[in-house]
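Peer 1: Here it is, the structure in full.
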Amino acid sequence: MSAVEIKQPAATNAIPRVPWNPWLGVLFTVIVFYVGQVIAFFLIYLYPVSRHWTTTRATDWLSGSVNGQFAYILVAETLSIGAIYAFLRHYKVGFAAIGLKRPRWRDLGYGLTAVPVYLVLYLLTVGVVSHFVPSLNINQTQEIGFNNVQGTLPLILTFISLAVLPPIAEEIMVRGFLYGSLKKALPLIWAILTTSALFASAHLPEGGAAGPLYIAALDTFVLSLILIYLREKTGSLWASITLHAIKNSIAFVALFVLHVR
């Protein structure tokens, strides 16, 4: 992953400059991310309200039901992609402008090849950071919900919620829309680092009551560097989506099939 390769991708893979104000794109991404979650919560909350459930029962359903959590993630990710699509249409461009083009077999190959690269780089990074920051808690639990998954259908819904929907939506939003915007506003290295830092910071709250989940932020920062490389190398989001989906699938199998905590 040399700097030369990133700075000089093949002409056919070159990422076009977006036609909108780049800082408007950054602001829009942040708003869509947070507002989409709020709207999704209230939309899903209409279900227990329509059934006249108590507040306690509704809260328990939203936090403990696989169906409720799946519905929330589905709505939130759909709203995010829909908002970005509307933004793109306003500027008379399609998803191809941010890298969502027709998939190619080589994109799958790049994504698969990047898996061991990501794993090795992540382990090396954790080792180095742990050496200089001994207080880093590498065993802190990530609060991802889905604590009562039993049966085939709940497993399928959980898999879709964690390993299918987020990789697609997050790559469109982050490595596609956000990175495309920042690349127009900043030098390449700063666009890469800023995109990855923002992506990592979004995972800090997943530590829940235990506090910021720094190990997840470190993980997603490293992952984002590889994902952006794939975005630059292929000129498409599909290799990034592939790696992201495989990474999340590995976590899904470990947590919900092998029950490794």
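Identifiers in this document derive from the order of the structure tokens: chains are assigned A, B, ..., residues are numbered from 1 separately in each chain, and ligands are numbered from 1 in order of occurrence.
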Can you pull out every residue within 6 Å of Ala217 (chain A), counting only C-alpha atoms, but drop anything in the same chain fewer than 6 positions away, and send it as a PyMOL selection string?

Peer 2: chain A and resi 200+203-204

Peer 1: Do you know which residues are at most 8 Å from Arg175 (chain A) counting only C-alpha atoms, after dropping those on the same chain fewer than 6 positions away, and could you put them as a PyMOL selection string?

Peer 2: chain A and resi 195+227-228+231+237

Peer 1: Produce a file of the selected residues containing N, CA and C atoms, as a PDB file, in the first residue's frame.

Peer 2:
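Saved the output as result-v4.pdb:
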```pdb
ATOM      1  N   THR A 195     -11.060  11.318   7.175  1.00  0.00           N
ATOM      2  CA  THR A 195     -12.150  10.362   6.959  1.00  0.00           C
ATOM      3  C   THR A 195     -12.062   9.219   7.965  1.00  0.00           C
ATOM      4  N   LEU A 227      -9.735   0.383   3.587  1.00  0.00           N
ATOM      5  CA  LEU A 227     -10.928   0.586   2.763  1.00  0.00           C
ATOM      6  C   LEU A 227     -10.733   1.728   1.770  1.00  0.00           C
ATOM      7  N   ILE A 228     -10.080   2.796   2.215  1.00  0.00           N
ATOM      8  CA  ILE A 228      -9.817   3.922   1.317  1.00  0.00           C
ATOM      9  C   ILE A 228      -8.805   3.519   0.243  1.00  0.00           C
ATOM     10  N   ARG A 231     -10.688   1.746  -2.268  1.00  0.00           N
ATOM     11  CA  ARG A 231     -11.504   2.716  -3.011  1.00  0.00           C
ATOM     12  C   ARG A 231     -10.663   3.399  -4.086  1.00  0.00           C
ATOM     13  N   LEU A 237     -16.546   1.183  -4.915  1.00  0.00           N
ATOM     14  CA  LEU A 237     -16.767   0.878  -3.498  1.00  0.00           C
ATOM     15  C   LEU A 237     -16.898  -0.618  -3.220  1.00  0.00           C
TER      16      LEU A 237
END
```

Peer 1: Let's see if you can do this: from backbone DSSP, list all alpha helix (DSSP H) residues in region 80-209 of chain A, as a PyMOL selection string.

Peer 2: chain A and resi 80-90+105-132+152-159+165-170+179-185+188-201

Peer 1: Please produce, as a tab-separated table, a per-residue contact table for region 169-230 of chain A versus region 123-132 of chain A (criterion: any atom at most 10 Å away, only C-alpha atoms considered), showing the nearest atom pair and its distance in Å to one decimal, sorted by chain then residue number.

Peer 2:
```
residue	atom	partner	partner_atom	distance
A:Ile215	CA	A:Val126	CA	8.1
A:Leu218	CA	A:Val126	CA	7.7
A:Asp219	CA	A:Val126	CA	8.3
A:Val222	CA	A:Thr125	CA	8.0
```

Peer 1: If we count only C-alpha atoms and set the cut-off at 9 Å, which residues sit around region 178-193 of chain A, ignoring sequence neighbours fewer than 5 positions away in its own chain? Please answer as a PDB file with C-alpha atoms, in the first residue's frame.

Peer 2:
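The new file selection_37.pdb reads:
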```
ATOM      1  CA  ALA A   3       1.863   6.275  -1.190  1.00  0.00           C
ATOM      2  CA  ILE A   6      -2.556   5.841  -3.811  1.00  0.00           C
ATOM      3  CA  LYS A   7      -1.511   9.111  -5.399  1.00  0.00           C
ATOM      4  CA  ILE A  15     -12.099   9.215  -8.510  1.00  0.00           C
ATOM      5  CA  PRO A  16     -13.884  12.217 -10.070  1.00  0.00           C
ATOM      6  CA  ARG A  17     -14.044  15.518  -8.221  1.00  0.00           C
ATOM      7  CA  VAL A  18     -17.473  15.991  -6.722  1.00  0.00           C
ATOM      8  CA  TRP A  20     -20.675  20.211  -4.598  1.00  0.00           C
ATOM      9  CA  ASN A  21     -18.966  22.310  -1.950  1.00  0.00           C
ATOM     10  CA  PRO A  22     -16.853  19.725  -0.087  1.00  0.00           C
ATOM     11  CA  TRP A  23     -17.528  21.167   3.372  1.00  0.00           C
ATOM     12  CA  LEU A  24     -21.237  21.057   2.649  1.00  0.00           C
ATOM     13  CA  GLY A  25     -20.755  17.366   1.914  1.00  0.00           C
ATOM     14  CA  VAL A  26     -18.979  16.833   5.239  1.00  0.00           C
ATOM     15  CA  PHE A  28     -24.393  16.776   5.319  1.00  0.00           C
ATOM     16  CA  THR A  29     -22.750  13.456   6.230  1.00  0.00           C
ATOM     17  CA  ALA A  97     -20.073   9.670  -8.798  1.00  0.00           C
ATOM     18  CA  ILE A  98     -19.132   8.389  -5.339  1.00  0.00           C
ATOM     19  CA  GLY A  99     -17.978   4.938  -6.437  1.00  0.00           C
ATOM     20  CA  ILE A 172     -21.568   4.629   0.516  1.00  0.00           C
ATOM     21  CA  MET A 173     -21.655   7.291   3.221  1.00  0.00           C
ATOM     22  CA  LEU A 198     -14.325  10.575  11.803  1.00  0.00           C
ATOM     23  CA  PHE A 221      -9.335   3.651  11.959  1.00  0.00           C
ATOM     24  CA  SER A 224     -10.728   2.678   7.114  1.00  0.00           C
ATOM     25  CA  LEU A 225      -7.167   3.133   5.835  1.00  0.00           C
ATOM     26  CA  ILE A 228      -9.817   3.922   1.317  1.00  0.00           C
ATOM     27  CA  TYR A 229      -6.869   2.238  -0.364  1.00  0.00           C
TER      28      TYR A 229
END
```

Peer 1: Which residues of region 96-206 of chain A come within 8 Å of region 240-253 of chain A, and what is each one's closest atom pair and distance in Å (one decimal), counting only C-alpha atoms, sorted by chain and residue number, as a tab-separated table?

Peer 2:
```
residue	atom	partner	partner_atom	distance
A:Asp107	CA	A:Thr242	CA	7.9
A:Leu108	CA	A:Thr242	CA	6.3
A:Gly111	CA	A:Leu243	CA	4.7
A:Leu112	CA	A:Leu243	CA	6.4
A:Ala114	CA	A:Leu243	CA	6.7
A:Val115	CA	A:Leu243	CA	6.2
A:Phe159	CA	A:Phe252	CA	6.7
A:Leu162	CA	A:Asn248	CA	6.5
A:Ala163	CA	A:Asn248	CA	4.9
A:Val164	CA	A:Ala245	CA	6.2
A:Pro167	CA	A:His244	CA	5.4
A:Ile168	CA	A:Ile241	CA	5.9
A:Glu171	CA	A:Ile241	CA	6.2
```

Peer 1: Considering only C-alpha atoms, return as a ChimeraX atom specification whatever protein or nucleic-acid residues lie within 12 Å of region 45-51 of chain A, sequence-local ones (same chain, fewer than 2 positions apart) excluded.

Peer 2: /A:38-43,53-63,65,67-69,71-72,75

Peer 1: Restricted to N, CA and C atoms, what would the selected residues look like written as an mmCIF file, in the first residue's frame?

Peer 2:
```
data_model
loop_
_atom_site.group_PDB
_atom_site.id
_atom_site.type_symbol
_atom_site.label_atom_id
_atom_site.label_comp_id
_atom_site.auth_asym_id
_atom_site.auth_seq_id
_atom_site.Cartn_x
_atom_site.Cartn_y
_atom_site.Cartn_z
ATOM 1 N N VAL A 38 -31.998 9.277 14.845
ATOM 2 C CA VAL A 38 -33.095 9.814 15.656
ATOM 3 C C VAL A 38 -34.440 9.549 14.988
ATOM 4 N N ILE A 39 -34.523 9.828 13.687
ATOM 5 C CA ILE A 39 -35.775 9.596 12.968
ATOM 6 C C ILE A 39 -36.129 8.122 12.963
ATOM 7 N N ALA A 40 -35.132 7.261 12.761
ATOM 8 C CA ALA A 40 -35.374 5.820 12.760
ATOM 9 C C ALA A 40 -35.920 5.356 14.103
ATOM 10 N N PHE A 41 -35.372 5.900 15.184
ATOM 11 C CA PHE A 41 -35.836 5.524 16.521
ATOM 12 C C PHE A 41 -37.313 5.873 16.695
ATOM 13 N N PHE A 42 -37.682 7.092 16.319
ATOM 14 C CA PHE A 42 -39.076 7.505 16.499
ATOM 15 C C PHE A 42 -40.023 6.742 15.577
ATOM 16 N N LEU A 43 -39.565 6.420 14.378
ATOM 17 C CA LEU A 43 -40.413 5.642 13.466
ATOM 18 C C LEU A 43 -40.660 4.240 14.017
ATOM 19 N N TRP A 53 -48.283 -0.208 24.412
ATOM 20 C CA TRP A 53 -47.387 -0.785 25.403
ATOM 21 C C TRP A 53 -46.950 0.291 26.390
ATOM 22 N N THR A 54 -46.567 -0.150 27.567
ATOM 23 C CA THR A 54 -46.006 0.778 28.542
ATOM 24 C C THR A 54 -44.623 1.210 28.077
ATOM 25 N N THR A 55 -44.127 2.292 28.645
ATOM 26 C CA THR A 55 -42.804 2.785 28.278
ATOM 27 C C THR A 55 -41.723 1.751 28.566
ATOM 28 N N THR A 56 -41.859 1.062 29.695
ATOM 29 C CA THR A 56 -40.878 0.036 30.061
ATOM 30 C C THR A 56 -40.867 -1.100 29.051
ATOM 31 N N ARG A 57 -42.055 -1.554 28.679
ATOM 32 C CA ARG A 57 -42.129 -2.665 27.727
ATOM 33 C C ARG A 57 -41.608 -2.235 26.365
ATOM 34 N N ALA A 58 -41.923 -1.014 25.958
ATOM 35 C CA ALA A 58 -41.454 -0.515 24.668
ATOM 36 C C ALA A 58 -39.933 -0.415 24.649
ATOM 37 N N THR A 59 -39.361 0.091 25.744
ATOM 38 C CA THR A 59 -37.902 0.224 25.836
ATOM 39 C C THR A 59 -37.229 -1.138 25.807
ATOM 40 N N ASP A 60 -37.803 -2.097 26.524
ATOM 41 C CA ASP A 60 -37.256 -3.455 26.534
ATOM 42 C C ASP A 60 -37.304 -4.074 25.142
ATOM 43 N N TRP A 61 -38.383 -3.803 24.407
ATOM 44 C CA TRP A 61 -38.521 -4.354 23.059
ATOM 45 C C TRP A 61 -37.478 -3.744 22.122
ATOM 46 N N LEU A 62 -37.287 -2.445 22.220
ATOM 47 C CA LEU A 62 -36.330 -1.769 21.347
ATOM 48 C C LEU A 62 -34.893 -2.188 21.625
ATOM 49 N N SER A 63 -34.587 -2.449 22.886
ATOM 50 C CA SER A 63 -33.203 -2.770 23.247
ATOM 51 C C SER A 63 -32.916 -4.266 23.277
ATOM 52 N N SER A 65 -35.172 -6.865 21.648
ATOM 53 C CA SER A 65 -35.790 -7.670 20.605
ATOM 54 C C SER A 65 -34.952 -7.649 19.335
ATOM 55 N N ASN A 67 -36.044 -8.444 16.399
ATOM 56 C CA ASN A 67 -36.882 -7.823 15.369
ATOM 57 C C ASN A 67 -36.839 -6.299 15.471
ATOM 58 N N GLY A 68 -36.917 -5.784 16.694
ATOM 59 C CA GLY A 68 -36.882 -4.346 16.893
ATOM 60 C C GLY A 68 -35.563 -3.738 16.478
ATOM 61 N N GLN A 69 -34.463 -4.381 16.854
ATOM 62 C CA GLN A 69 -33.140 -3.862 16.500
ATOM 63 C C GLN A 69 -32.877 -3.970 15.005
ATOM 64 N N ALA A 71 -35.199 -3.863 12.663
ATOM 65 C CA ALA A 71 -36.021 -2.828 12.040
ATOM 66 C C ALA A 71 -35.369 -1.457 12.170
ATOM 67 N N TYR A 72 -34.807 -1.173 13.344
ATOM 68 C CA TYR A 72 -34.153 0.116 13.573
ATOM 69 C C TYR A 72 -32.969 0.305 12.626
ATOM 70 N N VAL A 75 -34.147 0.739 8.950
ATOM 71 C CA VAL A 75 -34.709 2.070 8.691
ATOM 72 C C VAL A 75 -33.616 3.133 8.699
#
```

Peer 1: With a distance cut-off of 10 Å and only C-alpha atoms, select the neighbouring residues of Leu79 (chain A), excluding the residue or stretch itself and same-chain residues fewer than 6 positions from it, and output the selection as a PyMOL selection string.

Peer 2: chain A and resi 32-33+35-37+39-40+73+85+169

Peer 1: Just how far from CA of Pro134 (chain A) is CA of Pro212 (chain A), in Å to one decimal?

Peer 2: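 Value for the CA of Pro212 (chain A)-CA of Pro134 (chain A) distance: 16.0 Å.
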
Peer 1: From the list A:Phe177, A:Ala239, A:Ile160, A:Pro205, which residue is nearest Phe95 (chain A) when using only C-alpha atoms?

Peer 2: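 Distance minimum relative to Phe95 (chain A) lands on A:Phe177.
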
Peer 1: Kindly give the distance, in Å, that separates CA of Pro116 (chain A) and CA of Arg104 (chain A), rounded to a single decimal.

Peer 2: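 Distance reported for this atom pair: 20.9 Å.
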